[in-house]
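Visitor: For reference, the file query.txt (compact mmCIF, C-alpha atoms) is included below:
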```txt
# COMPACT_ATOMS: atom_id res chain seq x y z
CA MET A 847 -0.05 -0.04 -1.11
CA SER A 848 -0.09 -5.15 -2.14
CA LYS A 849 1.13 -3.84 -1.93
CA LYS A 850 0.39 -1.49 -0.35
CA THR A 851 3.34 -2.65 2.31
CA MET A 852 6.09 -0.89 3.66
CA ALA A 853 7.94 -2.32 6.57
CA ILE A 854 11.62 -2.34 5.57
CA LEU A 855 13.17 0.85 4.23
CA LEU A 856 16.69 1.86 3.24
CA SER A 857 18.84 3.96 5.53
CA TRP A 858 20.96 6.79 4.23
CA THR A 859 24.02 4.69 5.07
CA LEU A 860 22.79 2.14 2.58
CA VAL A 861 22.38 4.89 0.00
CA LEU A 862 26.05 5.76 0.34
CA ALA A 863 26.90 2.09 -0.05
CA ILE A 864 24.77 1.95 -3.17
CA ILE A 865 26.55 4.91 -4.71
CA LEU A 866 29.99 3.54 -3.90
CA SER A 867 29.35 -0.03 -4.95
CA GLY A 868 27.15 0.62 -7.97
CA CYS A 869 29.89 1.65 -10.36
CA ASN A 870 31.75 -1.63 -9.92
CA SER A 871 28.79 -3.82 -10.80
CA SER A 872 27.22 -1.89 -13.67
CA SER A 873 29.05 -3.94 -16.31
CA SER A 874 27.20 -7.17 -15.53
CA ASP A 875 26.20 -8.91 -18.76
CA GLN A 876 24.10 -11.65 -17.24
CA GLU A 877 20.90 -11.93 -19.21
CA GLY A 878 17.88 -11.31 -16.99
CA GLU A 879 19.89 -9.44 -14.36
CA THR A 880 20.01 -5.98 -15.87
CA GLY A 881 18.48 -6.82 -19.22
CA SER A 882 20.20 -7.53 -22.50
CA ASN A 883 20.14 -6.13 -26.01
CA GLY A 884 21.48 -8.75 -28.39
CA THR A 885 23.23 -8.07 -31.67
CA ASP A 886 20.31 -9.76 -33.42
CA GLY A 887 17.94 -7.04 -32.21
CA LYS A 888 16.37 -9.22 -29.55
CA VAL A 889 15.79 -7.62 -26.15
CA THR A 890 15.39 -9.28 -22.77
CA LEU A 891 13.74 -7.26 -19.99
CA LYS A 892 13.69 -8.32 -16.36
CA PHE A 893 10.54 -7.29 -14.50
CA MET A 894 10.32 -7.82 -10.73
CA HIS A 895 6.97 -7.38 -9.00
CA LEU A 896 4.91 -8.38 -5.96
CA TRP A 897 1.76 -10.06 -7.24
CA PRO A 898 2.17 -13.81 -6.62
CA ALA A 899 -0.45 -16.08 -8.11
CA GLY A 900 -1.36 -17.38 -4.68
CA SER A 901 -2.09 -14.22 -2.71
CA SER A 902 -2.79 -11.82 -5.60
CA ALA A 903 -4.44 -14.07 -8.16
CA GLN A 904 -6.32 -11.42 -10.14
CA GLN A 905 -3.39 -9.01 -10.31
CA ASN A 906 -1.04 -11.83 -11.29
CA LYS A 907 -3.31 -12.86 -14.14
CA LEU A 908 -3.58 -9.28 -15.35
CA VAL A 909 0.22 -8.85 -15.28
CA ASN A 910 0.68 -12.02 -17.32
CA ASP A 911 -1.97 -10.95 -19.82
CA ILE A 912 -0.27 -7.59 -20.30
CA ILE A 913 3.15 -9.20 -20.72
CA LYS A 914 1.82 -11.76 -23.18
CA GLN A 915 0.21 -9.04 -25.30
CA TYR A 916 3.32 -6.86 -25.16
CA GLN A 917 5.50 -9.71 -26.37
CA THR A 918 3.02 -10.39 -29.17
CA ASP A 919 3.10 -6.72 -30.20
CA HIS A 920 6.89 -6.61 -29.81
CA PRO A 921 8.18 -10.02 -30.98
CA ASN A 922 11.80 -9.01 -30.44
CA VAL A 923 11.19 -8.54 -26.69
CA THR A 924 11.24 -11.24 -24.02
CA ILE A 925 10.13 -10.28 -20.51
CA LYS A 926 11.40 -12.37 -17.61
CA GLN A 927 9.45 -12.08 -14.36
CA GLU A 928 10.57 -12.46 -10.77
CA VAL A 929 7.60 -12.50 -8.41
CA LEU A 930 7.92 -12.04 -4.65
CA GLU A 931 5.62 -11.47 -1.70
CA ASN A 932 5.49 -7.90 -0.37
CA GLU A 933 8.13 -8.04 2.37
CA GLN A 934 10.37 -10.43 0.43
CA TYR A 935 10.19 -8.00 -2.46
CA LYS A 936 11.39 -5.10 -0.34
CA ASN A 937 14.28 -7.14 1.01
CA LYS A 938 15.32 -8.29 -2.46
CA LEU A 939 15.12 -4.75 -3.80
CA LYS A 940 17.46 -3.58 -1.05
CA ILE A 941 19.93 -6.39 -1.74
CA LEU A 942 19.97 -5.75 -5.49
CA SER A 943 20.44 -2.03 -4.87
CA ALA A 944 23.63 -2.59 -2.92
CA SER A 945 25.24 -4.13 -6.03
CA ASN A 946 23.39 -1.94 -8.55
CA GLU A 947 21.73 -4.95 -10.15
CA LEU A 948 18.13 -3.80 -10.10
CA PRO A 949 15.70 -5.28 -12.62
CA ASP A 950 15.08 -3.20 -15.72
CA VAL A 951 11.54 -2.52 -14.50
CA GLY A 952 10.33 -2.92 -10.94
CA VAL A 953 7.81 -1.84 -8.36
CA THR A 954 8.35 0.95 -5.86
CA TRP A 955 6.39 2.98 -3.35
CA ALA A 956 6.29 6.77 -3.25
CA ALA A 957 7.81 9.58 -1.19
CA GLY A 958 10.15 8.44 1.59
CA PHE A 959 10.55 4.91 0.22
CA LEU A 960 11.53 6.26 -3.18
CA GLU A 961 13.96 8.93 -2.01
CA PRO A 962 17.07 6.87 -1.17
CA TYR A 963 16.91 5.09 -4.52
CA VAL A 964 16.76 8.43 -6.27
CA LYS A 965 19.62 9.82 -4.17
CA GLY A 966 21.59 6.71 -5.04
CA ASN A 967 21.02 7.37 -8.76
CA LEU A 968 19.28 4.01 -9.15
CA PHE A 969 15.96 5.04 -10.72
CA ALA A 970 15.74 6.84 -14.06
CA PRO A 971 13.50 9.92 -14.48
CA VAL A 972 10.32 9.13 -16.43
CA ASP A 973 9.11 12.67 -17.10
CA ASP A 974 9.28 12.09 -20.86
CA LEU A 975 6.47 9.56 -20.52
CA LEU A 976 4.29 12.18 -18.84
CA SER A 977 4.80 14.80 -21.53
CA GLY A 978 2.49 13.03 -23.97
CA SER A 979 -1.04 11.70 -23.81
CA LEU A 980 -0.24 9.39 -20.87
CA GLY A 981 0.25 12.33 -18.51
CA LYS A 982 -3.35 13.46 -19.00
CA LYS A 983 -4.72 10.06 -17.98
CA PHE A 984 -3.56 10.20 -14.37
CA ILE A 985 -5.86 11.31 -11.55
CA ALA A 986 -4.68 14.70 -10.30
CA GLY A 987 -2.10 14.46 -7.54
CA THR A 988 -1.06 10.86 -8.10
CA THR A 989 2.23 11.31 -9.96
CA GLU A 990 3.40 14.09 -7.61
CA ALA A 991 4.00 11.51 -4.87
CA TYR A 992 6.73 10.03 -7.07
CA ALA A 993 8.47 13.33 -7.80
CA ILE A 994 11.67 14.47 -6.09
CA ASP A 995 13.38 17.80 -6.80
CA GLY A 996 11.13 18.43 -9.78
CA LYS A 997 11.64 15.08 -11.52
CA THR A 998 9.34 12.04 -11.58
CA TYR A 999 10.97 8.66 -10.93
CA ALA A 1000 8.07 6.21 -11.17
CA LEU A 1001 4.55 6.03 -12.55
CA PRO A 1002 1.77 4.97 -10.14
CA ILE A 1003 -0.61 2.23 -11.17
CA GLU A 1004 -2.85 2.11 -8.11
CA LEU A 1005 -4.78 4.51 -5.93
CA ASN A 1006 -5.94 3.24 -2.58
CA ILE A 1007 -8.10 4.26 0.34
CA SER A 1008 -8.51 2.24 3.55
CA PRO A 1009 -12.04 1.36 4.65
CA ILE A 1010 -13.06 -0.92 7.50
CA TYR A 1011 -14.50 -4.02 5.87
CA TYR A 1012 -17.06 -5.87 7.95
CA ASN A 1013 -18.98 -9.13 7.90
CA LYS A 1014 -22.65 -8.23 7.52
CA ALA A 1015 -23.79 -11.65 8.77
CA ILE A 1016 -21.90 -11.28 12.06
CA PHE A 1017 -23.22 -7.75 12.51
CA ALA A 1018 -26.78 -8.89 11.78
CA LYS A 1019 -26.50 -11.70 14.30
CA TYR A 1020 -26.20 -9.08 17.07
CA ASN A 1021 -28.40 -6.41 15.46
CA LEU A 1022 -25.37 -4.15 14.88
CA GLN A 1023 -25.18 -1.29 12.41
CA PRO A 1024 -22.02 0.15 10.83
CA PRO A 1025 -20.89 2.85 13.29
CA ALA A 1026 -20.57 6.49 12.24
CA THR A 1027 -19.10 7.80 15.52
CA TYR A 1028 -16.28 6.43 17.61
CA ASP A 1029 -18.58 5.95 20.62
CA GLU A 1030 -20.81 3.80 18.42
CA PHE A 1031 -17.73 1.90 17.28
CA LEU A 1032 -16.70 1.18 20.88
CA SER A 1033 -20.23 -0.03 21.57
CA VAL A 1034 -19.97 -2.44 18.62
CA LEU A 1035 -16.67 -3.75 20.01
CA LYS A 1036 -18.20 -4.34 23.44
CA THR A 1037 -21.20 -6.19 22.04
CA LEU A 1038 -18.96 -8.46 19.99
CA THR A 1039 -16.53 -9.25 22.82
CA ASP A 1040 -19.39 -9.79 25.28
CA ASN A 1041 -20.70 -12.46 22.93
CA GLY A 1042 -17.35 -14.18 22.46
CA GLU A 1043 -16.68 -12.78 18.99
CA VAL A 1044 -13.34 -11.40 17.78
CA PRO A 1045 -14.08 -7.83 16.68
CA ILE A 1046 -11.05 -7.01 14.50
CA ALA A 1047 -8.63 -9.06 12.41
CA LEU A 1048 -5.06 -7.77 12.60
CA GLY A 1049 -1.63 -9.13 11.72
CA ASN A 1050 0.78 -6.57 13.16
CA LYS A 1051 4.05 -8.41 12.65
CA ASP A 1052 4.36 -6.35 9.46
CA ARG A 1053 3.68 -3.20 11.56
CA TRP A 1054 2.30 -0.97 8.80
CA THR A 1055 -1.01 -2.70 9.44
CA GLY A 1056 -1.15 -1.31 12.96
CA SER A 1057 0.00 2.05 11.62
CA LEU A 1058 -3.31 2.32 9.73
CA TRP A 1059 -5.19 2.28 13.05
CA TYR A 1060 -2.90 4.86 14.62
CA MET A 1061 -3.06 7.11 11.56
CA TYR A 1062 -6.85 7.17 11.54
CA LEU A 1063 -7.06 7.89 15.25
CA ALA A 1064 -4.48 10.68 14.85
CA ASN A 1065 -6.40 12.09 11.89
CA ARG A 1066 -9.80 11.97 13.56
CA LEU A 1067 -8.46 13.63 16.70
CA GLY A 1068 -5.91 16.06 15.27
CA GLY A 1069 -6.71 16.60 11.61
CA ASP A 1070 -3.39 17.08 9.82
CA ALA A 1071 -1.34 17.08 13.04
CA LEU A 1072 0.45 13.86 12.07
CA GLU A 1073 1.37 15.13 8.62
CA LYS A 1074 2.71 18.36 10.12
CA ALA A 1075 4.77 16.44 12.67
CA ILE A 1076 6.26 14.35 9.87
CA ASN A 1077 7.11 17.26 7.56
CA GLY A 1078 8.49 19.40 10.39
CA SER A 1079 5.87 22.13 10.39
CA GLY A 1080 4.49 20.65 13.62
CA LYS A 1081 5.67 18.47 16.48
CA PHE A 1082 4.85 15.00 17.74
CA ASP A 1083 4.08 16.42 21.18
CA ASP A 1084 0.75 17.61 19.78
CA PRO A 1085 -1.79 16.33 22.37
CA ALA A 1086 -3.84 14.66 19.64
CA LEU A 1087 -0.92 12.43 18.65
CA THR A 1088 -0.38 11.30 22.23
CA GLN A 1089 -4.10 10.72 22.69
CA ALA A 1090 -4.22 8.66 19.48
CA ALA A 1091 -1.51 6.40 20.89
CA ALA A 1092 -3.46 6.06 24.14
CA GLU A 1093 -6.58 5.11 22.17
CA VAL A 1094 -4.67 2.31 20.45
CA GLN A 1095 -3.80 0.82 23.81
CA LYS A 1096 -7.40 1.16 24.98
CA LEU A 1097 -8.44 -0.96 22.00
CA VAL A 1098 -5.83 -3.55 22.97
CA ASP A 1099 -7.17 -3.55 26.54
CA MET A 1100 -10.69 -4.11 25.20
CA ASN A 1101 -9.50 -7.25 23.35
CA ALA A 1102 -10.51 -5.61 20.11
CA PHE A 1103 -8.02 -7.66 18.07
CA ASN A 1104 -7.49 -11.38 17.52
CA LYS A 1105 -5.14 -13.21 19.88
CA GLY A 1106 -1.44 -13.06 19.05
CA PHE A 1107 -1.91 -10.23 16.54
CA ASN A 1108 1.55 -8.73 17.14
CA GLY A 1109 3.23 -11.96 16.05
CA LEU A 1110 1.09 -12.59 12.98
CA SER A 1111 1.78 -11.43 9.44
CA ASN A 1112 -0.86 -9.45 7.60
CA ASP A 1113 -1.83 -12.54 5.60
CA GLU A 1114 -2.23 -14.52 8.82
CA GLY A 1115 -4.31 -11.76 10.37
CA LYS A 1116 -6.41 -11.40 7.24
CA SER A 1117 -7.21 -15.11 7.30
CA GLU A 1118 -9.12 -14.49 10.55
CA PHE A 1119 -11.48 -12.24 8.60
CA MET A 1120 -11.56 -14.40 5.48
CA ASN A 1121 -12.47 -17.43 7.59
CA GLU A 1122 -15.22 -15.44 9.38
CA LYS A 1123 -13.47 -15.65 12.73
CA ALA A 1124 -13.36 -11.84 13.06
CA ALA A 1125 -16.03 -9.25 12.28
CA MET A 1126 -13.92 -6.41 10.88
CA TYR A 1127 -10.71 -5.77 8.95
CA LEU A 1128 -9.11 -2.38 8.23
CA MET A 1129 -7.14 -2.50 5.00
CA GLY A 1130 -6.53 -0.75 1.69
CA THR A 1131 -8.70 -1.16 -1.37
CA TRP A 1132 -6.09 -3.44 -2.91
CA GLU A 1133 -8.04 -6.14 -1.05
CA LEU A 1134 -11.16 -5.50 -3.15
CA PRO A 1135 -10.55 -8.44 -5.50
CA ASN A 1136 -10.93 -10.85 -2.57
CA PHE A 1137 -14.37 -9.38 -1.88
CA THR A 1138 -15.57 -8.93 -5.45
CA THR A 1139 -13.85 -10.65 -8.38
CA ASN A 1140 -11.51 -13.37 -7.11
CA PRO A 1141 -13.00 -16.64 -8.40
CA ASP A 1142 -11.21 -18.62 -5.69
CA ILE A 1143 -13.25 -16.89 -2.96
CA PRO A 1144 -16.79 -18.31 -2.46
CA GLN A 1145 -19.51 -15.94 -3.60
CA GLU A 1146 -21.39 -16.69 -0.40
CA PHE A 1147 -18.58 -15.05 1.57
CA LYS A 1148 -18.20 -12.11 -0.84
CA ASP A 1149 -21.91 -11.35 -0.48
CA LYS A 1150 -21.43 -10.90 3.26
CA ILE A 1151 -18.80 -8.16 3.00
CA GLY A 1152 -19.57 -4.47 3.37
CA PHE A 1153 -17.51 -1.49 4.48
CA PHE A 1154 -17.77 1.66 6.53
CA LYS A 1155 -15.64 4.77 6.95
CA PHE A 1156 -13.46 5.20 10.01
CA PRO A 1157 -15.80 6.83 12.56
CA THR A 1158 -15.55 10.45 13.64
CA MET A 1159 -14.48 11.37 17.16
CA GLU A 1160 -16.12 13.90 19.45
CA ASP A 1161 -14.31 17.28 19.30
CA GLY A 1162 -12.04 15.83 16.61
CA LYS A 1163 -10.58 17.94 13.80
CA SER A 1164 -11.42 15.89 10.71
CA ASP A 1165 -14.59 14.63 9.06
CA ILE A 1166 -15.70 11.17 8.07
CA ASN A 1167 -14.72 11.71 4.43
CA SER A 1168 -11.05 12.03 5.33
CA TRP A 1169 -9.21 8.86 4.30
CA VAL A 1170 -5.85 7.24 4.91
CA GLY A 1171 -4.51 6.08 1.57
CA GLY A 1172 -2.86 7.54 -1.48
CA PRO A 1173 -1.12 6.30 -4.59
CA GLY A 1174 -0.21 2.65 -4.33
CA VAL A 1175 2.78 1.11 -6.00
CA GLY A 1176 4.34 2.47 -9.15
CA LEU A 1177 6.75 1.23 -11.82
CA PHE A 1178 10.35 2.40 -12.09
CA VAL A 1179 12.99 2.04 -14.78
CA ALA A 1180 16.47 1.21 -13.50
CA GLN A 1181 19.03 3.89 -14.26
CA ASN A 1182 21.59 1.16 -14.89
CA SER A 1183 19.42 -0.82 -17.33
CA LYS A 1184 21.14 -1.70 -20.61
CA VAL A 1185 17.76 -1.54 -22.33
CA LYS A 1186 16.42 1.61 -20.72
CA GLU A 1187 14.55 2.82 -23.80
CA GLU A 1188 12.68 -0.46 -24.23
CA ALA A 1189 12.03 -0.59 -20.47
CA ALA A 1190 10.42 2.85 -20.59
CA LYS A 1191 8.22 1.74 -23.51
CA PHE A 1192 7.09 -1.27 -21.49
CA VAL A 1193 6.29 0.89 -18.46
CA GLN A 1194 4.08 3.17 -20.57
CA TYR A 1195 2.35 0.19 -22.16
CA PHE A 1196 1.84 -1.50 -18.78
CA VAL A 1197 0.38 1.61 -17.13
CA GLU A 1198 -2.08 2.16 -19.96
CA LYS A 1199 -3.21 -1.48 -20.14
CA TRP A 1200 -3.43 -1.77 -16.36
CA GLY A 1201 -5.64 1.32 -16.26
CA GLU A 1202 -7.93 -0.10 -18.93
CA SER A 1203 -8.30 -3.56 -17.41
CA SER A 1204 -7.57 -3.47 -13.67
CA VAL A 1205 -11.09 -2.27 -12.88
CA THR A 1206 -12.98 -5.12 -14.47
CA GLU A 1207 -10.40 -7.90 -14.36
CA ALA A 1208 -8.77 -7.37 -10.96
CA GLY A 1209 -11.12 -5.08 -9.04
CA VAL A 1210 -8.23 -2.67 -8.40
CA ILE A 1211 -8.57 1.12 -8.49
CA PRO A 1212 -5.96 2.41 -10.94
CA ALA A 1213 -4.11 5.72 -10.72
CA THR A 1214 -5.45 6.61 -14.16
CA LYS A 1215 -8.97 7.90 -14.75
CA VAL A 1216 -11.83 5.41 -15.07
CA ASP A 1217 -15.06 5.97 -16.96
CA THR A 1218 -17.35 4.11 -14.56
CA ALA A 1219 -20.29 4.48 -16.92
CA ALA A 1220 -18.49 2.43 -19.55
CA VAL A 1221 -17.74 -0.63 -17.40
CA GLN A 1222 -19.70 -3.08 -15.31
CA LEU A 1223 -18.44 -3.20 -11.73
CA PRO A 1224 -19.37 -5.00 -8.52
CA GLN A 1225 -21.44 -2.77 -6.24
CA LEU A 1226 -18.83 -2.77 -3.48
CA TYR A 1227 -16.30 -1.44 -5.95
CA ILE A 1228 -18.68 1.26 -7.23
CA ASP A 1229 -19.48 2.38 -3.69
CA LEU A 1230 -15.81 2.74 -2.77
CA LEU A 1231 -14.99 4.51 -6.03
CA ASN A 1232 -17.77 6.99 -5.29
CA GLU A 1233 -16.38 7.49 -1.79
CA LEU A 1234 -13.00 8.29 -3.29
CA ASN A 1235 -14.62 10.92 -5.49
CA GLN A 1236 -16.12 12.52 -2.35
CA ALA A 1237 -12.98 12.41 -0.24
CA SER A 1238 -12.29 15.62 1.69
CA SER A 1239 -8.64 14.68 2.20
CA LEU A 1240 -6.28 11.79 1.61
CA THR A 1241 -3.47 11.20 4.10
CA LEU A 1242 -0.52 9.29 2.64
CA PHE A 1243 0.59 6.27 4.67
CA ALA A 1244 2.89 7.48 7.47
CA ASP A 1245 5.86 5.23 6.75
CA VAL A 1246 5.76 6.30 3.11
CA GLN A 1247 5.77 9.99 4.08
CA MET A 1248 8.80 9.58 6.34
CA LYS A 1249 12.46 9.36 5.48
CA PRO A 1250 13.88 5.84 5.80
CA ALA A 1251 15.31 5.89 9.34
CA ALA A 1252 12.29 7.72 10.73
CA ALA A 1253 9.96 5.28 8.95
CA GLN A 1254 11.79 2.36 10.54
CA ALA A 1255 11.48 3.99 13.96
CA HIS A 1256 7.78 4.59 13.33
CA LEU A 1257 7.16 0.96 12.45
CA ASP A 1258 9.12 -0.29 15.46
CA MET A 1259 7.20 2.06 17.73
CA ILE A 1260 3.86 0.92 16.27
CA GLN A 1261 4.57 -2.67 17.23
CA ALA A 1262 5.78 -1.60 20.67
CA LEU A 1263 2.64 0.51 21.15
CA PHE A 1264 0.30 -2.34 20.27
CA GLY A 1265 2.35 -4.65 22.48
CA LYS A 1266 2.16 -2.12 25.33
CA ALA A 1267 5.96 -2.08 25.50
CA VAL A 1268 6.02 1.73 25.28
CA THR A 1269 3.87 4.44 26.83
CA PRO A 1270 1.96 6.88 24.59
CA GLU A 1271 4.26 9.65 25.87
CA ASP A 1272 7.44 7.77 24.96
CA PHE A 1273 5.86 6.75 21.67
CA VAL A 1274 5.62 10.36 20.52
CA LYS A 1275 9.00 11.32 22.04
CA ASN A 1276 10.74 8.57 20.07
CA HIS A 1277 9.00 9.70 16.90
CA GLN A 1278 10.13 13.28 17.38
CA ALA A 1279 13.69 12.16 18.01
CA ALA A 1280 13.68 10.14 14.80
CA ILE A 1281 12.26 13.06 12.80
CA ASP A 1282 14.83 15.43 14.30
CA LYS A 1283 17.66 13.23 13.06
CA GLY A 1284 16.52 14.03 9.55
CA ASN A 1285 17.35 10.73 7.85
```
Please, can you express the file's structure as structure tokens?
Guide:
Amino acid sequence: MSKKTMAILLSWTLVLAIILSGCNSSSSDQEGETGSNGTDGKVTLKFMHLWPAGSSAQQNKLVNDIIKQYQTDHPNVTIKQEVLENEQYKNKLKILSASNELPDVGVTWAAGFLEPYVKGNLFAPVDDLLSGSLGKKFIAGTTEAYAIDGKTYALPIELNISPIYYNKAIFAKYNLQPPATYDEFLSVLKTLTDNGEVPIALGNKDRWTGSLWYMYLANRLGGDALEKAINGSGKFDDPALTQAAAEVQKLVDMNAFNKGFNGLSNDEGKSEFMNEKAAMYLMGTWELPNFTTNPDIPQEFKDKIGFFKFPTMEDGKSDINSWVGGPGVGLFVAQNSKVKEEAAKFVQYFVEKWGESSVTEAGVIPATKVDTAAVQLPQLYIDLLNELNQASSLTLFADVQMKPAAAQAHLDMIQALFGKAVTPEDFVKNHQAAIDKGN
């Protein structure tokens, strides 16, 4: 999670291709492709990330500040950036993997996304970085999401939860209050649609965006039923998982979402909320800069934004302090990097500086501990940080939990569910079949 996204994942077939093709391309000496270590002691690192100046202005500035300072502190090092939008980044990472030409340092997601790269021997273990003082700075449980078979292959820099942001001015216009129960939520939807308002902004072309809605409904109805179905200790035929799918389609039938949502990207869907054409927007806390610190967003708009927790459901098995979220993106070091030692030093430096500055400069919750008493923060940020401290559980994004082929099936089924191209019953059957395949 910004990030947070997660729509295109490697298959195990690709992993085999990576292993077979990687050896032939590891001798590339092109500067900026896999890094270079000149005879004069100068080092070039290639860093590929997903914070473009346009859509992630605050994060982009922070990245550039960190790089500039690192190069000042290490005058023999030059860092070359390649910056891509979320989905473009994932595609490029897959392409580079097939020829074993990954950047020296790059961005990855945890769990299922990470696994094929590790199996393909593409990411280097970074446990040495955790053995010192850096390891003590991480919030408990964050680095474990990047561990496979006892080794850690990336260091997280973000920690996200997913609230429902809402426009307080639109709510006030119809005397609406943030709902605490799902029945109250449905009542809010009806009031908004009855008055010609679009209740919820959604761009589901990217599919993981719709997955957030399904995950919350599954959690509120079935507690950890979804997690158990994914890890094999349960099954997708759990009634709560079928009911959650049915609830998604009820929302579609109520015209809860903006028109054409299934064909719009997340950025296009988000613009409906940013332009005050929709009252609500469910998304991770990586969006906080747009509501707090981004100077390009009018303060008048930022003052209108509040949030509420996903409502509880009658006879449901989880409480309102249960969140969908988890560690966001992390930084990896390429196993094939010619400057692996310097790349690891940069990763440690980046994680520490990001943790120190991301709060105040980018409005992003880092994976390292924050002394909130020592910094001045926007109130929205403080409120969400306090909510995180009170969380009863944190459910990792479904497509990140799953193995690659199952994650792809999940995302395809999410879009089909929202498009009413599959029944709730077939939705869960197809999920179970994908999980049973085990890849």
Visitor: Interatomic distance between atom CA of A:Gln1254 and atom CA of A:Gly1068?
Guide: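 That distance, rounded to one decimal, is 22.9 Å.
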Visitor: Which value, in Å to one decimal, gives the distance between atom CA of A:Pro898 and atom CA of A:Leu930?
Guide: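 According to the coordinates, atom CA of A:Pro898 and atom CA of A:Leu930 are separated by 6.3 Å.
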Visitor: Neighbouring residues of A:Asp1113 were defined as those with any atom within 12 Å, considering all atoms listed in the file; residues of the same chain fewer than 2 positions away were excluded. Please report them as number ranges by chain.
Guide: A: 848-849, 851, 900-902, 931-933, 1047-1052, 1055, 1107, 1109-1111, 1115-1121, 1127, 1129, 1133
Visitor: Stretch 976-981 of chain A: which residues within 12 Å, counting all atoms listed in the file, same-chain residues fewer than 5 positions away excluded, as number ranges by chain?
Guide: A: 971, 986-990, 993, 997-1002, 1190-1191, 1193-1199, 1201, 1213-1215
Visitor: Between atom CA of A:Ser1203 and atom CA of A:Asn910, what distance in Å does the model show, to one decimal?
Guide: 12.3 Å
Visitor: Using all atoms listed in the file, which protein or nucleic acid residues come within 10 Å of A:Lys914? Drop anything in the same chain fewer than 6 positions from it, and give the result as a ChimeraX atom specification.
Guide: /A:908,920,924-925
Visitor: Can you find the residues with an atom no farther than 10 Å from (-20.5, -7.7, 18.2), counting all atoms listed in the file, and report them as a PyMOL selection string?
Guide: chain A and resi 1016-1023+1033-1045+1124-1126
Visitor: Could you dump the residues just selected with C-alpha atoms as a PDB file, in the frame of the given file?
Guide:
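Resulting contents of selection-v9.pdb:
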```pdb
ATOM      1  CA  ILE A1016     -21.900 -11.280  12.060  1.00  0.00           C
ATOM      2  CA  PHE A1017     -23.220  -7.750  12.510  1.00  0.00           C
ATOM      3  CA  ALA A1018     -26.780  -8.890  11.780  1.00  0.00           C
ATOM      4  CA  LYS A1019     -26.500 -11.700  14.300  1.00  0.00           C
ATOM      5  CA  TYR A1020     -26.200  -9.080  17.070  1.00  0.00           C
ATOM      6  CA  ASN A1021     -28.400  -6.410  15.460  1.00  0.00           C
ATOM      7  CA  LEU A1022     -25.370  -4.150  14.880  1.00  0.00           C
ATOM      8  CA  GLN A1023     -25.180  -1.290  12.410  1.00  0.00           C
ATOM      9  CA  SER A1033     -20.230  -0.030  21.570  1.00  0.00           C
ATOM     10  CA  VAL A1034     -19.970  -2.440  18.620  1.00  0.00           C
ATOM     11  CA  LEU A1035     -16.670  -3.750  20.010  1.00  0.00           C
ATOM     12  CA  LYS A1036     -18.200  -4.340  23.440  1.00  0.00           C
ATOM     13  CA  THR A1037     -21.200  -6.190  22.040  1.00  0.00           C
ATOM     14  CA  LEU A1038     -18.960  -8.460  19.990  1.00  0.00           C
ATOM     15  CA  THR A1039     -16.530  -9.250  22.820  1.00  0.00           C
ATOM     16  CA  ASP A1040     -19.390  -9.790  25.280  1.00  0.00           C
ATOM     17  CA  ASN A1041     -20.700 -12.460  22.930  1.00  0.00           C
ATOM     18  CA  GLY A1042     -17.350 -14.180  22.460  1.00  0.00           C
ATOM     19  CA  GLU A1043     -16.680 -12.780  18.990  1.00  0.00           C
ATOM     20  CA  VAL A1044     -13.340 -11.400  17.780  1.00  0.00           C
ATOM     21  CA  PRO A1045     -14.080  -7.830  16.680  1.00  0.00           C
ATOM     22  CA  ALA A1124     -13.360 -11.840  13.060  1.00  0.00           C
ATOM     23  CA  ALA A1125     -16.030  -9.250  12.280  1.00  0.00           C
ATOM     24  CA  MET A1126     -13.920  -6.410  10.880  1.00  0.00           C
TER      25      MET A1126
END
```
Visitor: At a cut-off of 10 Å, using all atoms listed in the file, what residues contact A:Gln905? Leave out same-chain residues fewer than 3 positions from it and give the result as a PyMOL selection string.
Guide: chain A and resi 848+896-899+901-902+908-911+1132+1135+1140+1200+1204+1207-1210
Visitor: Using the atoms already present, construct N, CA and C atoms for stretch 1194-1200 of chain A and hand them back as a tab-separated table (two decimals), in the coordinates of the input.
Guide:
```tsv
chain	number	residue	atom	x	y	z
A	1194	GLN	N	5.22	2.42	-20.03
A	1194	GLN	CA	4.08	3.17	-20.57
A	1194	GLN	C	2.97	2.22	-21.00
A	1195	TYR	N	3.32	1.18	-21.70
A	1195	TYR	CA	2.35	0.19	-22.16
A	1195	TYR	C	1.63	-0.45	-20.98
A	1196	PHE	N	2.40	-0.83	-19.96
A	1196	PHE	CA	1.84	-1.50	-18.78
A	1196	PHE	C	0.86	-0.59	-18.06
A	1197	VAL	N	1.24	0.67	-17.84
A	1197	VAL	CA	0.38	1.61	-17.13
A	1197	VAL	C	-0.94	1.80	-17.86
A	1198	GLU	N	-0.86	1.95	-19.18
A	1198	GLU	CA	-2.08	2.16	-19.96
A	1198	GLU	C	-2.98	0.92	-19.93
A	1199	LYS	N	-2.41	-0.25	-20.13
A	1199	LYS	CA	-3.21	-1.48	-20.14
A	1199	LYS	C	-3.77	-1.80	-18.76
A	1200	TRP	N	-2.97	-1.55	-17.73
A	1200	TRP	CA	-3.43	-1.77	-16.36
A	1200	TRP	C	-4.63	-0.86	-16.07
```
